[in-house]
Protein chains: 2
Amino acid sequence: MSFIGIDLGGTNIRGGLVDDLGNIINRRQEPTLAKEGADSVVNRLIHFIEFLSSQNSTLELKGIGVGCPGIIDIEQGVIHKSPNLPGFKDVPLKRILHEHFRVPSFIENDANTIAFGEKYYGVGKDVSSLVCLTLGTGVGGGIILDNKLWHGFNGMAAEVGHITIIPDGIKCGCGNNGCLEVYASATAVVNRAIDLISKGKESKLKDIFKSGAKLTAKMVYEAALENDLLSCQILDQTGKYLGIGIADLINLLNPEMIVIGGGMASAWDLLFPPMSLEIKKRAFDIPAQSARIVRAQLGDDAGIFGAAALVSHAVF
Amino acid sequence: MSFIGIDLGGTNIRGGLVDDLGNIINRRQEPTLAKEGADSVVNRLIHFIEFLSSQNSTLELKGIGVGCPGIIDIEQGVIHKSPNLPGFKDVPLKRILHEHFRVPSFIENDANTIAFGEKYYGVGKDVSSLVCLTLGTGVGGGIILDNKLWHGFNGMAAEVGHITIIPDGIKCGCGNNGCLEVYASATAVVNRAIDLISKGKESKLKDIFKSGAKLTAKMVYEAALENDLLSCQILDQTGKYLGIGIADLINLLNPEMIVIGGGMASAWDLLFPPMSLEIKKRAFDIPAQSARIVRAQLGDDAGIFGAAALVSHAVF
């Protein structure tokens, strides 16, 4: 049997046909062209899925899972709205896919999908509870308790990026001040570098910045690896902020595992030591010692695997 | 049928025989005399339960639930240790009670028991997810998701009092700095009053303080009701701190209800407005609007009801 997992992003549609051993036996990617509007994107998605499923005639297709950003009614499978998919307003994607393909379909928030992927096909296979943090442009989150995603009353749980770390801190796009997201995302790292360089701090990054080129979190990490003091300090501080947030998660949820993914996880060797120290300082000993804090395993495929897992989990 | 619920505290054993309509048809209280050690307390508890169960011969006793402070193995029903019950070390209370009374027995952390009581017999009857905060000497917590207590991997979840509110803040007994507990417990309110009065701030409480009498959170509340500016400011600030913590809970767990109990909940009319404002500022709109933030309903009986609910929940 097989499952189709789709990662419907604002930039690309990525998808895969996953067999019951957890291998992606076919994969595909094409631009979402989100600006063309919902009807166009949905049609493109249908063709995309048709192509994927046509690539295999031996394995019975058990269903289709789709992870996408935005406010989603999980039960009904309706995308109410999505900042990255303009034109999506109350799109009943679950029903559309079911009517077209006549197999069970599942729509899920993208950050939850990533957590689900890591749980069922990635680093979290042998645990029943985990919290997944995705450190990218923002900080996404997914909470798995008792082998299931915890959605909350409105399907809006697991906004791990929006717990308050510094009550009087930097303004966050969500309206709050001092969210984890504005301290531990890749964007936060870049903003801190720009801010400190603008204030006259010395750094290898100064020339890049002055040349007008766009600074990235990867540049900060690479400069830190070359012992650039400012970059080291920024990443050290980022690790500490992450530690504050993760200690909260440990004290509240006592999960078996914390999974950290997204682009920023590449700086693991520099983030992990200050993060661990902070957790040790702040969280209760027993839950802190038993929480395994690990890097995500599936990289860019987490969304595909997670979406496929929505199906396989429902089937089994 | 009937259920026995026991609130085994460091100072008192309180218990009740609860019928299947949720009425306490018999209740009893006696000193724990915790200093006499575990054997003595357990014997006293057995007599206590014998007395309670002997008070009713018509309703079949379905089981015994016990809520108590400390580190407990819920599944095995073993009290590993308890700060308030010195001498309790790996006491297999579940097995002892089962062998003596030959009915199912359940041991649970006291803060969880209170949350469970509010869920099954109190203000949370019609919701399936809630977070309960008990504002007393410390800040206790219980998390109910999908009608069940969330215990976490080591049974140590729901330490709501130990999420970090101010990262560089006041040292907490747990070792962390800036826990919710050191900002929103009754102890925190009293300490803030003492600190500010010592620094020369004017307040009606000054005379009480100078007389050497022990200040209480109730005195701060009563002074605030009489428009004592300092007391008003302290409670306003306490409401804000609570709001920071509750906004975290809402963004993370998107629960249907937040229940606030404990002695400090008596200051509800002064805590609620600043708390609500802070939540509105910090949490996402949809989950914040749908989370009902309410006062606990069962008062001192929450522990008895919750312990009884451990049994009734297992039976049904």
# chains A, B, ... in the order shown; residues from 1 in each chain; ligands from 1

call {"tool": "closest_atom_pairs", "arguments": {"of": "region 241-291 of chain B", "to": "region 295-314 of chain B", "cutoff": "12 Å", "atoms": "only C-alpha atoms", "output": "tab-separated table"}}
result
residue	atom	partner	partner_atom	distance
B:Met257	CA	B:Arg295	CA	10.3
B:Ile258	CA	B:Arg295	CA	8.4
B:Val259	CA	B:Ala296	CA	5.5
B:Ile260	CA	B:Arg295	CA	4.9
B:Gly261	CA	B:Ala296	CA	4.7
B:Gly262	CA	B:Gly299	CA	7.2
B:Gly263	CA	B:Gly299	CA	8.6
B:Met264	CA	B:Arg295	CA	10.4
B:Ala265	CA	B:Arg295	CA	6.7
B:Ser266	CA	B:Arg295	CA	8.8
B:Ala267	CA	B:Arg295	CA	10.3
B:Trp268	CA	B:Arg295	CA	7.6
B:Asp269	CA	B:Arg295	CA	10.4
B:Leu271	CA	B:Arg295	CA	11.1
B:Phe272	CA	B:Arg295	CA	9.7

call {"tool": "residues_around", "arguments": {"residues": "region 164-176 of chain B", "least_positions_apart": "5", "cutoff": "9 Å", "atoms": "only C-alpha atoms", "output": "list in words"}}
result
Thr164, Ile165, Ile166, Pro167, Ile244, Gly245, Ala247, Asp248, Lys281, Arg282, Ala283 and Phe284 of chain A; Glu181, Val182, Tyr183, Tyr241, Leu242, Ile244 and Gly245 of chain B

call {"tool": "interface_residues", "arguments": {"of": "chain B", "to": "chain A", "cutoff": "6 Å", "atoms": "only C-alpha atoms", "output": "list in words"}}
result
Gly152, Phe153, Ala157, Ala158, Glu159, Val160, Ile163, Asn176, Asp248, Asn251, Leu252, Leu253, Asn254, Pro255, Glu256 and Arg282 of chain B

call {"tool": "residues_around", "arguments": {"residues": "Gly239 (chain A)", "least_positions_apart": "5", "cutoff": "8 Å", "atoms": "only C-alpha atoms", "output": "ChimeraX atom specification"}}
result
/A:184,270-275

call {"tool": "select_by_dssp", "arguments": {"residues": "region 67-178 of chain B", "states": "strand (DSSP E)", "output": "number ranges by chain"}}
result
B: 67-68, 71-73, 78-81, 89-91, 105-109, 130-135, 139-145, 148-149

call {"tool": "residues_around", "arguments": {"residues": "Asn56 (chain B)", "least_positions_apart": "5", "cutoff": "10 Å", "atoms": "only C-alpha atoms", "output": "PyMOL selection string"}}
result
chain B and resi 2+17+25-26+51+61

call {"tool": "write_last_selection", "arguments": {"atoms": "all heavy atoms", "output": "short mmCIF file (atom, residue, chain, number, x, y, z; two decimals), in the first residue's frame"}}
result
data_model
loop_
_atom_site.label_atom_id
_atom_site.label_comp_id
_atom_site.auth_asym_id
_atom_site.auth_seq_id
_atom_site.Cartn_x
_atom_site.Cartn_y
_atom_site.Cartn_z
N SER B 2 -20.62 4.30 45.58
CA SER B 2 -19.93 5.43 46.20
C SER B 2 -18.42 5.32 46.00
O SER B 2 -17.90 4.26 45.66
CB SER B 2 -20.25 5.47 47.70
OG SER B 2 -19.71 4.33 48.34
N LEU B 17 -16.99 10.62 51.46
CA LEU B 17 -17.64 9.53 50.74
C LEU B 17 -18.56 10.23 49.74
O LEU B 17 -19.44 11.01 50.13
CB LEU B 17 -18.44 8.67 51.72
CG LEU B 17 -19.03 7.37 51.19
CD1 LEU B 17 -17.92 6.34 50.95
CD2 LEU B 17 -20.04 6.80 52.20
N ILE B 25 -21.51 12.61 50.88
CA ILE B 25 -22.55 12.22 51.84
C ILE B 25 -21.97 12.01 53.23
O ILE B 25 -22.70 11.95 54.21
CB ILE B 25 -23.33 10.96 51.36
CG1 ILE B 25 -22.36 9.85 50.95
CG2 ILE B 25 -24.24 11.31 50.19
CD1 ILE B 25 -23.06 8.58 50.50
N ASN B 26 -20.66 11.89 53.32
CA ASN B 26 -20.00 11.90 54.62
C ASN B 26 -18.65 12.56 54.44
O ASN B 26 -17.98 12.32 53.45
CB ASN B 26 -19.76 10.47 55.13
CG ASN B 26 -20.94 9.99 55.92
OD1 ASN B 26 -21.24 10.54 56.98
ND2 ASN B 26 -21.61 8.98 55.38
N PHE B 51 -13.49 4.30 58.84
CA PHE B 51 -14.56 5.05 59.45
C PHE B 51 -15.50 5.63 58.39
O PHE B 51 -16.72 5.51 58.47
CB PHE B 51 -13.98 6.19 60.32
CG PHE B 51 -15.06 6.96 61.04
CD1 PHE B 51 -15.55 6.53 62.26
CD2 PHE B 51 -15.58 8.13 60.47
CE1 PHE B 51 -16.56 7.24 62.90
CE2 PHE B 51 -16.57 8.84 61.11
CZ PHE B 51 -17.07 8.40 62.34
N LEU B 61 -19.15 0.50 47.74
CA LEU B 61 -17.92 1.28 47.58
C LEU B 61 -17.15 0.77 46.36
O LEU B 61 -16.75 -0.39 46.30
CB LEU B 61 -17.05 1.16 48.84
CG LEU B 61 -15.74 1.95 48.79
CD1 LEU B 61 -16.00 3.44 48.70
CD2 LEU B 61 -14.86 1.63 49.99
#
